[in-house]
Each structure stands twice: as structure tokens, then as C-alpha cells.
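Asks: Have a look at this one before I ask anything.
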Amino acid sequence: MHILKQILNFYINSSIHVALAVVAMTWVTLVQFEMEYNTTVLAFVFFATITGYNFVKYFGVAKFHHRSLTVWLKAIQIFSFFAFLGMGCFALQLNVNSLICLSVFGFITFLYAIPLLPMRYFRDEKKNLREVSGLKVYVIALVWMFTTVFLPLIDNGFYIDANAVVTAVQRFIFVIVLMLPFEIRDLVFDSLKLATIPQRIGIKNTKIIGVLLLLAFFFLEYFKDEIKSVDIISNGVMLFVTLVFVLFAHKKQSKYYSAFWVEGLPILWLAVLLMLR
């Protein structure tokens, strides 16, 4: 049992779980727009997510404690290095337009972890995007939105029409809602300077916002040119399940409540969509 728990912790801490979630959400886009399964895009998204998340999470730790890194962190570093190589290999197979757009969002991810911008741009005298008051959740949602919606469409030569824009807005909203249980969990640990949503409006109001955002996510489907029953049903399932997780989120939630179950909701979305197809 102890070994299984260690494997599960490595699976979560090395960002494999979140990478599969991002892959699943990207695959959802391929299914919704009736495009063929794209191994190159999905593999790139998988390796890029691991590289990006581990870079953001562990850059500071590796920088200041390089010689005293624990065994598990060293293992994650090695794993992340091979993920970086995988990302590079599959990036070479993407089209030029995809690479141009990726360079912009890659730079945003870099700024999210590395303190490069002058202090005067920040309210709380921090230097990286991750620590700008109130910005964290929106940066994450923006990167997920581009990666899971625009990247597969652009790489497949799909014209970005009104339906694509609506889908992107839905995805942006959905990712913000997924972040809410994490922000509620981290109330105990986050600096007040971060000005997260629960810090600013409280847990109860955060959950109300989550409910309203989920309703917006669902009803935006009716603004598309073609309304498909499959998408309505799958979105409805996700609305209900996600709503339950948001409403039951609290500061003393279990270790795996957000990091495993909430993070894995995009995988459930893909499974539901594939079964309905």
C-alpha cells in the first residue's frame, strides 16, 4: 500500500495527471469539431504540460536547494528533462502557425515563473506573473484555453470562426471553475498579497461565482451555429459533476480532492463525450 501511495504521489507531483487532463481537454476539442485524432498535437500537449508545470512548480526549489534536493525531486527533474526532449521532438512536427502562437504562450509561462519584469508593474512588489495580485487563475485559464482549443484547430488548418471563439470562452470559464477548489484549499497557505478569489470575496461567494460560471459555460453552447445534442448532454454532465466538487470544496479538504479528483474532471469529460459518440 505504501508503494502504491508513493507511485500515486509521484504521478500527481510530477504533473502526469494534469498533463493527461490537458490532453483530454484537447482531445475534447478534436471530437467536438469532428477532426481526426492527432497524435502529434496530443503528444506535444502532454510533454509540454509536464515541462511547463514542473518548471513553474520547482524552478525556485531547484535554484536555491540544488545540492540538497530530495530523491523524489531529483527524480522529477530527470523525468521533466525527458519530457522536455519529448516536447521538442513533437514541436518540430507542428506547423509554423502553431509554433508562432506557442512561442507567445511559452513566453507567458516563462514570465509566470521567472522574475524578469520590473517591480513597478506590480502592486505587491513581486516580480513574476505568478505573484501578481489576482492574476494567477486567469493566466492559467488563458494558457489552457489556447492549448486545448486554438492549438489543435490551428495545427489542423481549421478556420477560427465564431464557434471556435465560443468554445474558447467556454473553456476559459470551465478552467477558472476548476481552479476554485484549489484556491479554496490554498486559503491556509496563500499570501494575502495574491488576492485570490476566495481571499477577496470569501468561500461562500466563491462557490456562488462557480455556479454562475458553470451556467454560463453550459448555456454558451446555444450560441453556436450548430447545436449538437451530444455536446449539450456531455456539457450537462460536466456542469453537474463539477458543481458538486465546487460546492463541497473546503479549506480542510483531503490531499487528493483537488489534486486528483478535480484535476481529473477533463478526463471524465472526454470519456463521456467518446461514449456518446
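So you can find residues: chains in the C-alpha cells are A, B, ... in the order shown, residues in each start at 1, and ligands are numbered from 1 in order.
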Extract, using only C-alpha atoms, all DNA, RNA and protein residues at most 10 Å from stretch 177-184 of chain A, discarding same-chain residues fewer than 5 positions from it, and format them as an NGL selection string.

Replies: :A and (136-138 or 140-141 or 171-172 or 189-190 or 196-199 or 202-203 or 206-207 or 209-214 or 217 or 242-243 or 245-253 or 257-259 or 262-266)

Asks: Could you list, as a PDB file with C-alpha atoms, in the first residue's frame, every residue within 9 Å of A:Ser15, counting only C-alpha atoms and ignoring same-chain residues fewer than 3 positions away?

Replies:
```pdb
ATOM      1  CA  PHE A  10       4.805  10.825  -7.955  1.00  0.00           C
ATOM      2  CA  TYR A  11       2.084  10.599 -10.608  1.00  0.00           C
ATOM      3  CA  ILE A  12       0.491  13.774  -9.209  1.00  0.00           C
ATOM      4  CA  VAL A  18      -2.568  17.341 -15.008  1.00  0.00           C
ATOM      5  CA  ALA A  19      -0.890  16.596 -18.355  1.00  0.00           C
ATOM      6  CA  LEU A  20      -3.428  13.841 -19.063  1.00  0.00           C
ATOM      7  CA  THR A  49       2.314  20.405 -19.895  1.00  0.00           C
ATOM      8  CA  ILE A  50       4.707  18.312 -17.807  1.00  0.00           C
ATOM      9  CA  THR A  51       7.615  20.571 -18.778  1.00  0.00           C
ATOM     10  CA  TYR A  53       4.067  22.790 -14.860  1.00  0.00           C
ATOM     11  CA  ASN A  54       7.219  21.299 -13.362  1.00  0.00           C
TER      12      ASN A  54
END
```

Asks: From the set A:Val188, A:Ile16, A:Ile100, A:Phe150, which residue has the shortest atom-to-atom contact distance to A:Ala83, counting only C-alpha atoms?

Replies: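 Answer, going by the shortest atom-to-atom distance: A:Ile16.
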
Asks: I need the residues of stretch 114-277 of chain A that end up classed as alpha helix (DSSP H) by DSSP on the backbone, written out as a PyMOL selection string.

Replies: chain A and resi 136-145+151-155+162-185+197-219+229-247+255-256+265-276

Asks: Go ahead and compute the interatomic distance for atom CA of A:Arg277 and atom CA of A:Met145, in Å to one decimal.

Replies: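 Atom-to-atom, atom CA of A:Arg277 to atom CA of A:Met145, that is 23.2 Å.
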
Asks: Quick one: of A:Leu153, A:Val175, A:Leu85, A:Ile3, who's nearest to A:Thr26, counting only C-alpha atoms?

Replies: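 The answer is A:Leu153, which sits nearest to A:Thr26.
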
Asks: Using only C-alpha atoms, which of the listed residues (A:Phe47, A:Trp27, A:Trp72, A:Tyr159) sits closest to A:Gln6?

Replies: A:Trp72

Asks: Pick out the residues sitting within 12 Å of A:Val149, and hand them over as a ChimeraX atom specification; count only C-alpha atoms, and ignore anything fewer than 6 positions along from it in its own chain.

Replies: /A:22-33,41-42,45,98,141-143,155-156,158,160,163-172

Asks: Work out how far apart atom CA of A:Leu274 and atom CA of A:Glu34 are and give it in Å to one decimal.

Replies: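 Computed distance, atom CA of A:Leu274 to atom CA of A:Glu34, equals 11.6 Å.
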